[in-house]
Amino acid sequence: MDQEQQQLNELLLVRRRKMEALREKGIEPFGRKFEADHYSAEVIDNFNSLEGKEVTIAGRLVSIRSHGKATFAHLQDYRGQIQIYIRQDQVGPEQYEIFDLVDIGDFIGVAGEVFRTQKGEITVKVNQYTYLAKALRPLPEKWHGLKDVELRYRQRYVDLIVNQEVRETFIRRSRMISAMRDILNSWGFLEVETPIMQTIAGGALARPFVTHHNALDIKLYLRIATELHLKRLLVGGLDKVYEVGRIFRNEGISTIHNPEFTSVEIYQNYADYEDMMEITENLVFQIAEKVLGTGKIVFQGKELDLTPPWPRESMIEVVRKYSGVDFSQIPDDQAAFEAARKAGLELDKGLPWGEILYMFFEEFCEEQLLAPIFVTGFPVEVSPLAKKMSEDARLTLRFEAFIAGWEIANAFTELNDPIDQRERFEQQLTKREAGDDEAHVMDEDFINALEYGMPPAGGLGIGIDRMIMLLTDNISIRDVILFPTLKPKALND
């Protein structure tokens, strides 16, 4: 056992002894209900009206400084921290002695008078206190906090205690999602819920998680998108719908990918992808204004202006700009293959023109797209659910929105032709048979729904986690997901 672990074990033992000492004095270390009438920030913000009055607050002790018969401490609650001041002659010798059994990390409730110290700090002079919960483990060392990044993710409960900026990120996340719902509701959209477990994993090009339902003896998949069920609702006559929900994709983990993430998908009858562009830019801009107070954000030291309208450029234009290769002058698959070979891309022979165009875009362009931009004109091969352009059937009425080199939104004019949709699914099945386990599967019920008639429509998906990363200036998706996916590890490893 190393010295650090031995010291921790000794601290744990000391805290358990204090817990037993509290019980010996008739005090339950894990108390009951306590009614506070103020948060710390409310006391500080309203000091002028509360000075000299009694307030009741509760929280976790994050610092303790004893000076003989008086003790200063800081109490941390949901809204912040405030200093408390406990004197022996105020609470009585017995209660003051019991306070010696209190540790940093413990929860207490106090009632006392609001005043300002000689050093100018707003403080609550304690008249009485109530023991609420004993912390049997010490918090990380005050000045260094929780330094191990992976440990912060594994023990988010500790991370939230000691890192105020982390708490603020997740408070903002909640407010941003609430603001998004408010905005969509105000635009006449109806929030709905669709199945998380599905018999067919469709709506995206991704590998699903597989499970089994014992009673029905069938294989089920955790959804990789909400798209196909939401479009069934358009067939059924719902006009404008959206769903905020968890999506599950059995893929790698990176700073911008987590197997379990949150998205919002939005669908509107009688609309197209141009309408979805307006929804995207206005939604992101209004969320920023409502929660941050500005539509101009700073991300990793760079100012980004989210004010609509955002520029629109075709994928062919973007590829020409950043790779120097003009696909409008490349007539067929063989010419595209030769262009890719000259550009140093490794690819299999036989790939179609559209897939090669998309490879150029991923390789040379995505990271260059820093300011908000809509990239349009995606190839049909990578857009099995989007309607084709009438002027060029190789491309679709699809866009992706990019900010800071990240895709944050994907949308298109929805394909509502059941015959064309079946052909697209059949092309995807050919890819699956060739070994592409992310290719789309055939969904006969969705085709059946389209055969009943789906009006022209626009659909949009926004990655909420990435959007929040941008709006809170975080470069890892793990910093905006409370409990990111990690490989299991024992606490004492």
# chains A, B, ... in the order shown; residues from 1 in each chain; ligands from 1
call {"tool": "closest_atom_pairs", "arguments": {"of": "stretch 319-438 of chain A", "to": "stretch 292-307 of chain A", "cutoff": "10 Å", "atoms": "only C-alpha atoms", "output": "JSON lines"}}
result
{"residue": "A:Leu370", "atom": "CA", "partner": "A:Leu304", "partner_atom": "CA", "distance": 8.2}
{"residue": "A:Ala371", "atom": "CA", "partner": "A:Leu304", "partner_atom": "CA", "distance": 6.2}
{"residue": "A:Pro372", "atom": "CA", "partner": "A:Leu306", "partner_atom": "CA", "distance": 6.7}
{"residue": "A:Ile373", "atom": "CA", "partner": "A:Leu306", "partner_atom": "CA", "distance": 9.8}
{"residue": "A:Ile403", "atom": "CA", "partner": "A:Leu304", "partner_atom": "CA", "distance": 8.4}
{"residue": "A:Ala404", "atom": "CA", "partner": "A:Phe299", "partner_atom": "CA", "distance": 8.0}
call {"tool": "residues_around", "arguments": {"residues": "A:Leu228", "least_positions_apart": "3", "cutoff": "9 Å", "atoms": "only C-alpha atoms", "output": "MDAnalysis selection string"}}
result
chainID A and resid 202:203 225 231:233 446
call {"tool": "select_by_dssp", "arguments": {"residues": "stretch 112-300 of chain A", "states": "strand (DSSP E or B)", "output": "JSON list (two decimals) with C-alpha atoms, in the first residue's frame"}}
result
[["chain", "number", "residue", "atom", "x", "y", "z"],
["A", 112, "GLY", "CA", -28.68, 33.11, 11.78],
["A", 113, "GLU", "CA", -28.37, 36.84, 11.30],
["A", 114, "VAL", "CA", -26.98, 38.39, 8.13],
["A", 115, "PHE", "CA", -24.10, 40.84, 8.61],
["A", 116, "ARG", "CA", -20.90, 42.02, 6.95],
["A", 122, "ILE", "CA", -21.27, 38.99, 3.74],
["A", 123, "THR", "CA", -21.77, 36.37, 6.44],
["A", 124, "VAL", "CA", -24.45, 34.56, 8.43],
["A", 125, "LYS", "CA", -23.89, 34.65, 12.23],
["A", 126, "VAL", "CA", -25.23, 31.26, 13.34],
["A", 127, "ASN", "CA", -27.82, 31.14, 16.14],
["A", 128, "GLN", "CA", -28.41, 27.41, 15.72],
["A", 129, "TYR", "CA", -27.40, 24.65, 13.35],
["A", 130, "THR", "CA", -28.71, 21.21, 12.39],
["A", 131, "TYR", "CA", -26.56, 18.27, 11.35],
["A", 132, "LEU", "CA", -27.81, 16.89, 8.02],
["A", 133, "ALA", "CA", -25.26, 14.43, 6.57],
["A", 190, "LEU", "CA", -45.56, 19.61, -31.10],
["A", 191, "GLU", "CA", -43.18, 17.62, -28.90],
["A", 197, "MET", "CA", -36.19, 0.07, -28.63],
["A", 198, "GLN", "CA", -36.96, -0.70, -32.25],
["A", 210, "VAL", "CA", -28.51, -4.99, -30.01],
["A", 211, "THR", "CA", -30.64, -6.41, -27.22],
["A", 212, "HIS", "CA", -33.25, -9.18, -26.85],
["A", 213, "HIS", "CA", -36.82, -9.18, -25.60],
["A", 218, "ILE", "CA", -37.22, -11.06, -30.71],
["A", 219, "LYS", "CA", -34.09, -9.04, -31.36],
["A", 220, "LEU", "CA", -34.40, -5.32, -30.64],
["A", 221, "TYR", "CA", -32.13, -2.38, -31.36],
["A", 222, "LEU", "CA", -31.53, 0.83, -29.45],
["A", 240, "LYS", "CA", -44.97, 20.10, -37.19],
["A", 241, "VAL", "CA", -43.29, 17.73, -34.72],
["A", 242, "TYR", "CA", -40.04, 17.42, -32.81],
["A", 243, "GLU", "CA", -38.41, 15.04, -30.35],
["A", 244, "VAL", "CA", -35.58, 15.63, -27.90],
["A", 245, "GLY", "CA", -34.09, 12.31, -26.97],
["A", 246, "ARG", "CA", -31.21, 9.94, -26.45],
["A", 247, "ILE", "CA", -29.62, 8.30, -29.49],
["A", 248, "PHE", "CA", -27.39, 5.21, -29.29],
["A", 254, "SER", "CA", -13.63, 10.63, -29.14],
["A", 257, "HIS", "CA", -18.38, 11.26, -30.12],
["A", 260, "GLU", "CA", -25.03, 7.69, -26.11],
["A", 261, "PHE", "CA", -25.87, 11.27, -27.02],
["A", 262, "THR", "CA", -28.78, 13.70, -27.23],
["A", 263, "SER", "CA", -30.33, 15.09, -30.38],
["A", 264, "VAL", "CA", -33.39, 17.00, -31.44],
["A", 265, "GLU", "CA", -35.11, 16.07, -34.68],
["A", 266, "ILE", "CA", -37.63, 18.45, -36.20],
["A", 267, "TYR", "CA", -40.06, 17.80, -39.07],
["A", 268, "GLN", "CA", -42.50, 20.07, -40.86],
["A", 269, "ASN", "CA", -45.01, 19.25, -43.57],
["A", 296, "LYS", "CA", -21.74, 36.34, -30.37],
["A", 297, "ILE", "CA", -19.82, 33.66, -28.54],
["A", 298, "VAL", "CA", -16.13, 33.02, -27.89],
["A", 299, "PHE", "CA", -14.99, 29.47, -28.57]]
call {"tool": "residues_around", "arguments": {"residues": "A:Asn46", "least_positions_apart": "5", "cutoff": "12 Å", "atoms": "only C-alpha atoms", "output": "list in words"}}
result
His38, Tyr39, Ser40, Ala41, Glu51, Gly52, Lys53, Val55, Val114, Phe115 and Ile122 of chain A
call {"tool": "write_last_selection", "arguments": {"atoms": "C-alpha atoms", "output": "PDB file, in the first residue's frame"}}
result
ATOM      1  CA  HIS A  38     -32.818  31.279   1.136  1.00  0.00           C
ATOM      2  CA  TYR A  39     -30.006  30.204  -1.174  1.00  0.00           C
ATOM      3  CA  SER A  40     -26.541  31.637  -0.574  1.00  0.00           C
ATOM      4  CA  ALA A  41     -26.654  33.835  -3.688  1.00  0.00           C
ATOM      5  CA  GLU A  51     -28.870  42.860   6.793  1.00  0.00           C
ATOM      6  CA  GLY A  52     -29.651  42.231  10.450  1.00  0.00           C
ATOM      7  CA  LYS A  53     -32.427  39.754   9.651  1.00  0.00           C
ATOM      8  CA  VAL A  55     -32.219  33.595   7.356  1.00  0.00           C
ATOM      9  CA  VAL A 114     -26.983  38.388   8.126  1.00  0.00           C
ATOM     10  CA  PHE A 115     -24.097  40.838   8.609  1.00  0.00           C
ATOM     11  CA  ILE A 122     -21.272  38.993   3.737  1.00  0.00           C
TER      12      ILE A 122
END
call {"tool": "closest_residue", "arguments": {"among": "A:Pro418, A:Gly461, A:Gly80, A:Gly324", "to": "A:Ala339", "atoms": "only C-alpha atoms"}}
result
A:Gly324
call {"tool": "atom_distance", "arguments": {"atom1": "atom CA of A:Asp272", "atom2": "atom CA of A:Arg398"}}
result
9.4 Å
call {"tool": "residues_around", "arguments": {"residues": "A:Val441", "least_positions_apart": "6", "cutoff": "7 Å", "atoms": "only C-alpha atoms", "output": "number ranges by chain"}}
result
A: 202, 425, 428-429
